[in-house]
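Asker: After the structure tokens below, expect a handful of questions from me.
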Amino acid sequence: MAAYTLGELARLVDGRVVGDDSIRIEGVATLANASPRQISFLANPRYQQQLQQTRAAAVILNESELPHCPVNALVTAKPYISYARIAALFVPVPTQQCGIHPAACVSADATIHETAWIGPNCSIEAGVAVGANTRIGPGCFIGENSTVGADCLLVGNISICHGVHIGCRNTIHPGVVIGSDGFGFANERGQWLKVPQLGGVVIGNDIEIGANTTIDRGALDDTIIEDGVKLDNQIQIAHNVYIGEHTAMAGCSGISGSTRVGRRCAIAGGAGIAGHLEITDDVTITAMSLVIKSISEPGVYSSGIPVEQNRLWNRRLVYLRRLDEMANRLKSIEQKLGTIISKQED
Amino acid sequence: MAAYTLGELARLVDGRVVGDDSIRIEGVATLANASPRQISFLANPRYQQQLQQTRAAAVILNESELPHCPVNALVTAKPYISYARIAALFVPVPTQQCGIHPAACVSADATIHETAWIGPNCSIEAGVAVGANTRIGPGCFIGENSTVGADCLLVGNISICHGVHIGCRNTIHPGVVIGSDGFGFANERGQWLKVPQLGGVVIGNDIEIGANTTIDRGALDDTIIEDGVKLDNQIQIAHNVYIGEHTAMAGCSGISGSTRVGRRCAIAGGAGIAGHLEITDDVTITAMSLVIKSISEPGVYSSGIPVEQNRLWNRRLVYLRRLDEMANRLKSIEQKLGTIISKQED
Amino acid sequence: MAAYTLGELARLVDGRVVGDDSIRIEGVATLANASPRQISFLANPRYQQQLQQTRAAAVILNESELPHCPVNALVTAKPYISYARIAALFVPVPTQQCGIHPAACVSADATIHETAWIGPNCSIEAGVAVGANTRIGPGCFIGENSTVGADCLLVGNISICHGVHIGCRNTIHPGVVIGSDGFGFANERGQWLKVPQLGGVVIGNDIEIGANTTIDRGALDDTIIEDGVKLDNQIQIAHNVYIGEHTAMAGCSGISGSTRVGRRCAIAGGAGIAGHLEITDDVTITAMSLVIKSISEPGVYSSGIPVEQNRLWNRRLVYLRRLDEMANRLKSIEQKLGTIISKQED
């Protein structure tokens with residue numbers, strides 16, 4: 001079991017110990033559930049009350065929270081960042097494996113680094129290259145001529161189609177599909193003719209892709225995900241989309257074909273962006289909003305409507321449909337009012 | 001082939017036969033398609049007309065529908081419930097298998113009950129336990145130290161990550177992912193630092209999870225799904241969500257991190273619930289609605305808007321954007337009107 | 001490598017060459033990226049400027065664009081259709097395989113056509129039939145008594161449950177689930193009783209199904225997808241849905257149980273259609289719209305709202321909730337105005 005003294009952890013995050021820096025820390029936990037062998041953190045003021053009752057060995061917190069801390073403290077400027085770095089020490093490391101599981105099918109024409117691991121029931125086709133220390137978990141399939149760089153984790157049951165290029169230090173969760181055909185059809189007298197999808201997908205470095213997210217291959221050029229992008233679960237990325245560095249997208253959001261999203265954008269859950277648009281850097285789209293025009297100014301954009309009681313909401317809908325009638329009545333009132341006033345002034 | 005007399009079926013559901021209780025029933029079907037060897041049901045008045053033309057051997061229905069029934073009747077207070085119980089007799093039972101398929105990879109450190117079945121191309125890691133009569137279909141992967149209780153059905157191609165605990169009598173459909181990392185990142189000077197996801201997932205008993213639904217593991221504490229919850233397809237459950245007993249969620253809905261949903265709630269298709277909220281018991285959220293505040297009163301809540309003809313809808317949007325201008329004009333009219341009235345009264 | 005003269009391509013699409021019909025074409029590319037050995041196309045006027053700078057060997061275009069073309073031209077009435085036909089010549093053909101991979105598990109009671117291919121880690125159960133030239137990629141599972149017709153491509157990691165019937169010339173992308181149980185439960189004193197899902201799924205011919213799309217089996221009758229339907233990624237089709245010929249649905253859309261959608265409909269991304277409805281032929285539903293009533297007139301229907309700056313949008317929401325108050329004030333103004341006018345007329 002991993003264990004560190006509080007002093008060792010403080011050095012790691014460049015923080016200051018108030019209390020016993022020799023206390024032994026064996027794990028991380030929430031304020032409410034931490035045992036006297038675990039460290040916790042306070043990053044959100046709403047949990048201040050839990051601080052006062054915590055049994056943690058120590059708490060990572062801001063200078064300003066120090067007076068309320070009943071146990072050892074690790075004071076840092078950014079407690080959540082410090083917590084993330086410390087928690088990383090306690091991630092259970094899977095039994096280190098390398099090589100090719102006997103129940104994997106790996107083409108003789110694939111190049112697997114000697115430190116990589118290919119799990120059971122994987123299918124790795126010709127021309128594939130897998131980099132150093134990369135783990136391909138059970139049941140993954142990697143199509144012809146695709147590449148996966150070094151230090152990646154493909155957890156399991158992931159589908160990488162042919163001609164997909166994935167960089168280094170990426171984590172990909174189960175059920176992800178990369179390189180499926182884009183949705184391209186030409187209408188010919190009421191029927192749909194398939195437009196071949198001949199582009200690929202290029203995934204940069206330091207990217208995370210959540211469970212069951214899908215990323216289609218390009219029609220001619222590639223679909224591109226730049227370094228540091230974080231994609232949650234069940235996201236749909238259509239063909240020829242480009243996503244700039246360090247953009248984050250939450251679950252169930254989607255981007256239609258050929259749209260370019262800038263750097264450091266934040267797309268909230270269930271939001272949708274139409275095709276052939278340009279979204280500039282530093283744009284936030286809030287939950288369940290719909291974007292149908294390009295956005296050239298950084299900022300926060302919304303069209304989601306929060307729930308009300310059903311009875312009230314149905315009334316809103318009735319009035320929404322009477323708005324043009326109300327506008328007409330308003331106009332008519334203003335005219336009559338004009339007449340009255342001019343008469344009064346006579 | 002399973003077959004029962006109408007009398008036997010009536011005893012099973014505590015109902016009353018009107019007609020021939022010795023007639024042999026070999027299956028269930030709709031009123032329109034039932035053959036004279038099948039039983040049907042009427043639970044929705046919209047199908048009353050089909051009752052009059054049915055060729056079914058018998059029909060399960062309410063006392064009040066009895067006069068309209070042209071064939072044998074099985075009268076019960078709740079025809080749909082009775083139908084569900086009877087239909088269960090006719091579910092095709094897969095060829096009974098137990099043991100481990102030779103093409104499955106099962107760790108020597110896993111504990112598989114002797115009556116359980118592990119299908120081909122499964123990967124079962126160390127420390128896993130699988131209970132009595134549980135069927136793990138083809139292509140499933142179960143990560144280290146996860147457990148699946150008795151009498152479960154995992155249909156196939158399902159991913160259960162490490163440290164996930166699943167109770168008894170659960171049905172899980174293909175493509176489901178349980179225990180993928182939650183979407184936790186801390187922003188450090190424009191880049192995203194991964195916050196390790198160290199919690200697990202606890203799934204109770206008598207739960208159904210639809211195809212391609214995803215349930216993330218907790219950040220520190222567990223994500224929890226209580227007994228009797230029913231999840232449809234393509235639902236996204238984020239880290240540390242809690243769902244209370246007997247809540248049902250329809251397809252494509254989603255719940256963001258750390259939200260607690262009460263008991264007996266009904267979340268309709270495409271609805272989204274933001275993070276860190278509390279939804280009390282007996283709350284219904286209608287289709288494609290967005291919840292961004294906690295709900296403390298049981299009831300029905302909505303924000304979905306039904307379609308209109310595109311031309312009309314575009315007009316609504318124009319007026320919606322003119323509402324503040326209309327409010328200003330209304331105010332100005334009221335002021336002028338006040339002046340006029342006071343002048344008239346002079 | 002496939003290669004054709006421009007003249008050969010012109011004959012294929014019934015077009016006219018302006019320039020050198022003997023020039024050799026080795027591939028397709030965008031106007032911006034085409035090399036002098038590739039053919040490109042102009043179908044969207046927004047790319048006209050790129051035409052003038054293209055280095056392509058030739059460009060497929062309309063008569064009207066001919067004067068602006070700096071290279072060889074292939075003139076056709078419908079450039080995008082012609083492009084699609086020509087691009088199909090350059091699709092990389094996977095190494096032709098037939099037979100059953102030694103790492104596939106195929107029941108002795110399954111019938112696999114001698115020209116079909118079953119990839120590694122597939123599980124094919126008893127009673128399954130697979131037609132001529134069909135490719136079942138790695139990791140697919142096909143349940144008891146299901147059938148897949150001729151000339152289909154199942155890319156990989158696809159789940160076909162029992163009793164599903166799939167026609168000919170269909171392309172199915174990874175992660176697709178067909179034949180999972182529909183979401184059918186009867187409420188009995190606050191708990192959910194499963195209603196057995198005894199119907200199947202019937203998929204016609206010339207259909208494409210995108211990555212991670214789910215299609216549930218019927219409750220009693222079948223779920224039906226007619227010929228020529230195109231489904232994008234992450235679509236949810238509930239039990240007993242019927243989709244008519246040549247209808248196309250974009251990503252993340254969904255249809256609830258027992259709804260019938262007509263022929264040649266277009267359902268845009270994120271749109272949702274409630275259950276038990278009838279949507280007639282030639283209906284378009286725009287992005288993120290919600291349909292809760294049947295539609296009997298062809299046309300375009302919408303309820304999606306495009307984003308505005310968050311500050312503006314929040315103001316819209318405030319006014320939306322004041323609409324009934326505004327309507328009351330309007331009524332009161334009209335009454336007062338009536339009184340004033342009648343007094344003035346006195």
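Order determines the names: the first chain of the structure tokens is A, the second B, and so forth; residues in each chain are numbered 1 upward, and ligands are numbered 1 upward as they are shown.
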What residues in chain C have any atom no more than 8 Å from chain A when counting only C-alpha atoms, and can you write them as an mmCIF file with N, CA and C atoms, in the first residue's frame?
Answerer:
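Here's the written file result_15.cif:
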```
data_model
loop_
_atom_site.group_PDB
_atom_site.id
_atom_site.type_symbol
_atom_site.label_atom_id
_atom_site.label_comp_id
_atom_site.auth_asym_id
_atom_site.auth_seq_id
_atom_site.Cartn_x
_atom_site.Cartn_y
_atom_site.Cartn_z
ATOM 1 N N VAL C 28 -9.318 10.963 -55.007
ATOM 2 C CA VAL C 28 -10.174 12.143 -54.847
ATOM 3 C C VAL C 28 -9.666 12.983 -53.679
ATOM 4 N N ALA C 29 -9.909 14.288 -53.708
ATOM 5 C CA ALA C 29 -9.495 15.164 -52.608
ATOM 6 C C ALA C 29 -10.295 16.459 -52.676
ATOM 7 N N THR C 30 -10.201 17.254 -51.639
ATOM 8 C CA THR C 30 -10.854 18.565 -51.643
ATOM 9 C C THR C 30 -10.136 19.502 -52.614
ATOM 10 N N TYR C 80 -22.286 16.613 -57.003
ATOM 11 C CA TYR C 80 -22.070 15.884 -55.754
ATOM 12 C C TYR C 80 -22.393 14.399 -55.935
ATOM 13 N N ILE C 81 -23.469 14.129 -56.682
ATOM 14 C CA ILE C 81 -23.825 12.738 -56.996
ATOM 15 C C ILE C 81 -22.704 12.093 -57.817
ATOM 16 N N TYR C 83 -19.572 12.980 -57.950
ATOM 17 C CA TYR C 83 -18.419 12.809 -57.079
ATOM 18 C C TYR C 83 -18.566 11.539 -56.234
ATOM 19 N N ALA C 84 -19.763 11.347 -55.659
ATOM 20 C CA ALA C 84 -19.977 10.184 -54.785
ATOM 21 C C ALA C 84 -19.719 8.890 -55.558
ATOM 22 N N ARG C 85 -20.195 8.834 -56.799
ATOM 23 C CA ARG C 85 -19.981 7.618 -57.604
ATOM 24 C C ARG C 85 -18.499 7.404 -57.910
ATOM 25 N N ALA C 87 -15.886 8.663 -56.174
ATOM 26 C CA ALA C 87 -15.140 8.404 -54.941
ATOM 27 C C ALA C 87 -15.248 6.931 -54.536
ATOM 28 N N ALA C 88 -16.388 6.320 -54.851
ATOM 29 C CA ALA C 88 -16.596 4.915 -54.475
ATOM 30 C C ALA C 88 -15.546 4.012 -55.117
ATOM 31 N N VAL C 91 -12.413 3.748 -52.629
ATOM 32 C CA VAL C 91 -12.522 3.238 -51.253
ATOM 33 C C VAL C 91 -11.521 2.089 -51.080
ATOM 34 N N ALA C 103 -10.233 -17.758 -34.354
ATOM 35 C CA ALA C 103 -10.585 -17.232 -33.027
ATOM 36 C C ALA C 103 -12.044 -16.792 -32.946
ATOM 37 N N PRO C 120 -12.236 -12.492 -36.033
ATOM 38 C CA PRO C 120 -11.791 -13.012 -34.746
ATOM 39 C C PRO C 120 -12.696 -12.523 -33.603
ATOM 40 N N ASN C 121 -12.801 -13.336 -32.575
ATOM 41 C CA ASN C 121 -13.528 -12.969 -31.359
ATOM 42 C C ASN C 121 -15.020 -12.724 -31.576
ATOM 43 N N PRO C 138 -14.418 -8.087 -36.304
ATOM 44 C CA PRO C 138 -13.997 -8.614 -35.004
ATOM 45 C C PRO C 138 -14.964 -8.280 -33.872
ATOM 46 N N GLY C 139 -15.154 -9.206 -32.966
ATOM 47 C CA GLY C 139 -15.851 -8.912 -31.710
ATOM 48 C C GLY C 139 -17.350 -8.796 -31.805
ATOM 49 N N GLY C 156 -17.487 -4.148 -36.633
ATOM 50 C CA GLY C 156 -16.852 -4.813 -35.495
ATOM 51 C C GLY C 156 -17.509 -4.400 -34.193
ATOM 52 N N ASN C 157 -17.367 -5.248 -33.160
ATOM 53 C CA ASN C 157 -17.921 -4.946 -31.836
ATOM 54 C C ASN C 157 -19.402 -4.560 -31.882
ATOM 55 N N HIS C 173 -22.102 0.073 -38.156
ATOM 56 C CA HIS C 173 -20.839 0.537 -37.566
ATOM 57 C C HIS C 173 -20.672 0.023 -36.129
ATOM 58 N N PRO C 174 -19.454 0.151 -35.589
ATOM 59 C CA PRO C 174 -19.172 -0.431 -34.269
ATOM 60 C C PRO C 174 -20.089 0.087 -33.163
ATOM 61 N N GLY C 175 -20.299 -0.752 -32.179
ATOM 62 C CA GLY C 175 -21.048 -0.365 -30.989
ATOM 63 C C GLY C 175 -22.550 -0.406 -31.153
ATOM 64 N N GLY C 210 -25.307 3.985 -37.815
ATOM 65 C CA GLY C 210 -24.092 4.610 -37.291
ATOM 66 C C GLY C 210 -23.667 4.072 -35.935
ATOM 67 N N ALA C 211 -22.450 4.406 -35.577
ATOM 68 C CA ALA C 211 -21.807 3.902 -34.361
ATOM 69 C C ALA C 211 -22.660 4.141 -33.111
ATOM 70 N N ASN C 212 -22.762 3.099 -32.281
ATOM 71 C CA ASN C 212 -23.428 3.170 -30.981
ATOM 72 C C ASN C 212 -24.915 3.493 -31.044
ATOM 73 N N GLY C 228 -33.465 1.440 -47.330
ATOM 74 C CA GLY C 228 -32.870 2.727 -47.679
ATOM 75 C C GLY C 228 -32.787 3.716 -46.536
ATOM 76 N N LYS C 230 -31.289 5.684 -43.434
ATOM 77 C CA LYS C 230 -29.922 5.995 -43.004
ATOM 78 C C LYS C 230 -29.970 6.555 -41.589
ATOM 79 N N ASP C 232 -27.647 7.841 -38.376
ATOM 80 C CA ASP C 232 -26.341 8.338 -37.937
ATOM 81 C C ASP C 232 -25.981 7.700 -36.581
ATOM 82 N N ASN C 233 -24.977 8.232 -35.919
ATOM 83 C CA ASN C 233 -24.489 7.690 -34.651
ATOM 84 C C ASN C 233 -25.417 8.015 -33.474
ATOM 85 N N GLN C 234 -25.385 7.125 -32.464
ATOM 86 C CA GLN C 234 -26.003 7.392 -31.161
ATOM 87 C C GLN C 234 -27.485 7.741 -31.255
ATOM 88 N N HIS C 246 -36.210 5.251 -46.939
ATOM 89 C CA HIS C 246 -35.400 6.413 -47.310
ATOM 90 C C HIS C 246 -35.483 7.580 -46.327
ATOM 91 N N ALA C 250 -30.296 12.117 -38.153
ATOM 92 C CA ALA C 250 -28.954 12.554 -37.769
ATOM 93 C C ALA C 250 -28.666 12.192 -36.307
ATOM 94 N N GLY C 251 -27.420 12.361 -35.907
ATOM 95 C CA GLY C 251 -26.898 11.878 -34.639
ATOM 96 C C GLY C 251 -27.695 12.316 -33.419
ATOM 97 N N CYS C 252 -27.777 11.427 -32.435
ATOM 98 C CA CYS C 252 -28.343 11.756 -31.130
ATOM 99 C C CYS C 252 -29.839 12.023 -31.167
ATOM 100 N N ARG C 264 -39.077 9.054 -46.551
ATOM 101 C CA ARG C 264 -38.325 10.264 -46.960
ATOM 102 C C ARG C 264 -38.390 11.386 -45.916
ATOM 103 N N GLY C 269 -30.291 16.402 -35.908
ATOM 104 C CA GLY C 269 -29.560 15.984 -34.724
ATOM 105 C C GLY C 269 -30.253 16.369 -33.420
ATOM 106 N N GLY C 270 -30.273 15.454 -32.476
ATOM 107 C CA GLY C 270 -30.788 15.744 -31.145
ATOM 108 C C GLY C 270 -32.288 15.881 -31.067
ATOM 109 N N MET C 288 -32.734 19.434 -32.475
ATOM 110 C CA MET C 288 -33.109 19.544 -31.065
ATOM 111 C C MET C 288 -34.560 19.973 -30.864
ATOM 112 N N GLY C 304 -36.491 24.086 -31.825
ATOM 113 C CA GLY C 304 -35.158 24.371 -31.281
ATOM 114 C C GLY C 304 -34.905 25.870 -31.177
ATOM 115 N N ILE C 305 -34.189 26.266 -30.140
ATOM 116 C CA ILE C 305 -33.914 27.694 -29.919
ATOM 117 C C ILE C 305 -32.414 27.928 -30.019
ATOM 118 N N PRO C 306 -31.992 28.824 -30.908
ATOM 119 C CA PRO C 306 -30.552 29.085 -31.047
ATOM 120 C C PRO C 306 -30.024 29.918 -29.883
ATOM 121 N N VAL C 307 -28.774 29.723 -29.549
ATOM 122 C CA VAL C 307 -28.175 30.441 -28.415
ATOM 123 C C VAL C 307 -28.089 31.937 -28.669
ATOM 124 N N GLU C 308 -28.083 32.683 -27.554
ATOM 125 C CA GLU C 308 -27.720 34.100 -27.511
ATOM 126 C C GLU C 308 -26.682 34.242 -26.405
ATOM 127 N N GLN C 309 -26.141 35.436 -26.272
ATOM 128 C CA GLN C 309 -25.253 35.660 -25.143
ATOM 129 C C GLN C 309 -26.024 35.364 -23.861
ATOM 130 N N ASN C 310 -25.372 34.759 -22.922
ATOM 131 C CA ASN C 310 -26.033 34.275 -21.712
ATOM 132 C C ASN C 310 -26.831 35.373 -21.001
ATOM 133 N N TRP C 313 -29.987 35.967 -22.927
ATOM 134 C CA TRP C 313 -30.881 34.812 -22.807
ATOM 135 C C TRP C 313 -31.579 34.780 -21.456
ATOM 136 N N LEU C 317 -35.684 34.698 -20.514
ATOM 137 C CA LEU C 317 -36.366 33.771 -19.606
ATOM 138 C C LEU C 317 -37.205 34.529 -18.583
ATOM 139 N N LEU C 320 -40.247 35.708 -20.407
ATOM 140 C CA LEU C 320 -41.120 34.569 -20.721
ATOM 141 C C LEU C 320 -42.026 34.260 -19.530
ATOM 142 N N ARG C 321 -41.474 34.399 -18.328
ATOM 143 C CA ARG C 321 -42.259 34.100 -17.129
ATOM 144 C C ARG C 321 -43.182 35.237 -16.711
ATOM 145 N N LEU C 323 -45.052 36.713 -19.015
ATOM 146 C CA LEU C 323 -45.983 36.867 -20.132
ATOM 147 C C LEU C 323 -47.436 36.903 -19.702
ATOM 148 N N ASP C 324 -47.809 36.098 -18.717
ATOM 149 C CA ASP C 324 -49.227 36.116 -18.324
ATOM 150 C C ASP C 324 -49.564 37.449 -17.651
ATOM 151 N N ALA C 327 -50.000 39.915 -20.388
ATOM 152 C CA ALA C 327 -51.287 39.729 -21.057
ATOM 153 C C ALA C 327 -52.410 40.359 -20.236
ATOM 154 N N LEU C 330 -52.272 44.091 -20.630
ATOM 155 C CA LEU C 330 -52.758 44.450 -21.957
ATOM 156 C C LEU C 330 -54.286 44.512 -21.955
ATOM 157 N N GLU C 334 -56.714 47.791 -22.521
ATOM 158 C CA GLU C 334 -57.755 47.840 -23.552
ATOM 159 C C GLU C 334 -59.101 48.257 -22.956
ATOM 160 N N LEU C 337 -58.933 51.931 -22.161
ATOM 161 C CA LEU C 337 -58.934 52.662 -23.409
ATOM 162 C C LEU C 337 -60.357 52.758 -23.963
ATOM 163 N N ILE C 341 -62.305 56.171 -24.725
ATOM 164 C CA ILE C 341 -62.824 56.510 -26.053
ATOM 165 C C ILE C 341 -64.311 56.785 -25.989
#
```
Asker: May I have the residues within 10 Å of Cys69 in chain B as a ChimeraX atom specification, using only C-alpha atoms and disregarding those fewer than 3 positions away in the same chain?
Answerer: /B:18,42,48,51-54,58-61,65-66,72-73
Asker: Taking the DSSP secondary structure from the backbone, can you list the residues of range 152-290 of chain C that are strand (DSSP E), as a VMD selection string?
Answerer: chain C and resid 153 to 154 159 to 160 164 to 166 171 to 172 177 to 180 185 to 188 191 to 194 201 to 203 208 to 209 214 to 216 223 to 225 230 to 231 236 to 237 242 to 243 248 to 249 254 to 255 260 to 261 266 to 267 272 to 273 278 to 279 283 to 285 290
Asker: So that I can check the surroundings of Leu154 in chain C, please list as a list in words every protein, DNA and RNA residue that reaches within 7 Å of it, counting only C-alpha atoms and ignoring chain neighbours fewer than 3 positions away.
Answerer: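 The residues that qualify are Arg135, Ile136, Gly137, Thr171, Ile172 and His173 of chain C.
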Asker: Save the residues we just selected, C-alpha atoms, as a tab-separated table (two decimals), in the first residue's frame?
Answerer:
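Final output, saved to again01.tsv:
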```tsv
chain	number	residue	atom	x	y	z
C	135	ARG	CA	-18.28	-9.49	-43.54
C	136	ILE	CA	-18.76	-9.80	-39.79
C	137	GLY	CA	-15.84	-7.87	-38.27
C	171	THR	CA	-23.51	-1.28	-43.34
C	172	ILE	CA	-23.48	-1.35	-39.55
C	173	HIS	CA	-20.84	0.54	-37.57
```
Asker: Could you work out how far CA of Asp20 in chain A lies from CA of Ser64 in chain A, giving the answer in Å with one decimal?
Answerer: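 These atoms are spaced 19.5 Å apart.
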Asker: Measure the distance from CA of Val241 in chain B to CA of Ser35 in chain A in Å and round it to one decimal.
Answerer: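 We find that CA of Val241 in chain B and CA of Ser35 in chain A lie 22.5 Å from each other.
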Asker: Applying 10 Å and only C-alpha atoms, which residues near Ala2 in chain C remain after dropping the ones on its own chain fewer than 5 positions away? List them as an mmCIF file with C-alpha atoms, in the first residue's frame.
Answerer:
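See selection.cif below for the written result:
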```
data_model
loop_
_atom_site.group_PDB
_atom_site.id
_atom_site.type_symbol
_atom_site.label_atom_id
_atom_site.label_comp_id
_atom_site.auth_asym_id
_atom_site.auth_seq_id
_atom_site.Cartn_x
_atom_site.Cartn_y
_atom_site.Cartn_z
ATOM 1 C CA ILE C 25 -6.686 10.070 -61.855
ATOM 2 C CA GLU C 26 -5.463 8.162 -58.796
ATOM 3 C CA GLY C 27 -7.740 9.490 -56.120
ATOM 4 C CA LEU C 89 -13.941 3.656 -56.909
ATOM 5 C CA PHE C 90 -11.209 4.745 -54.509
ATOM 6 C CA VAL C 91 -12.522 3.238 -51.253
ATOM 7 C CA PRO C 92 -9.715 1.062 -49.876
#
```
Asker: Can you pull out the residues contacting Trp117 in chain B? Cut-off 12 Å, using only C-alpha atoms, and skip same-chain residues under 3 positions away; I want them as number ranges by chain.
Answerer: B: 94-102, 104, 106, 111-114, 120, 122, 124, 130-138, 140, 150-155
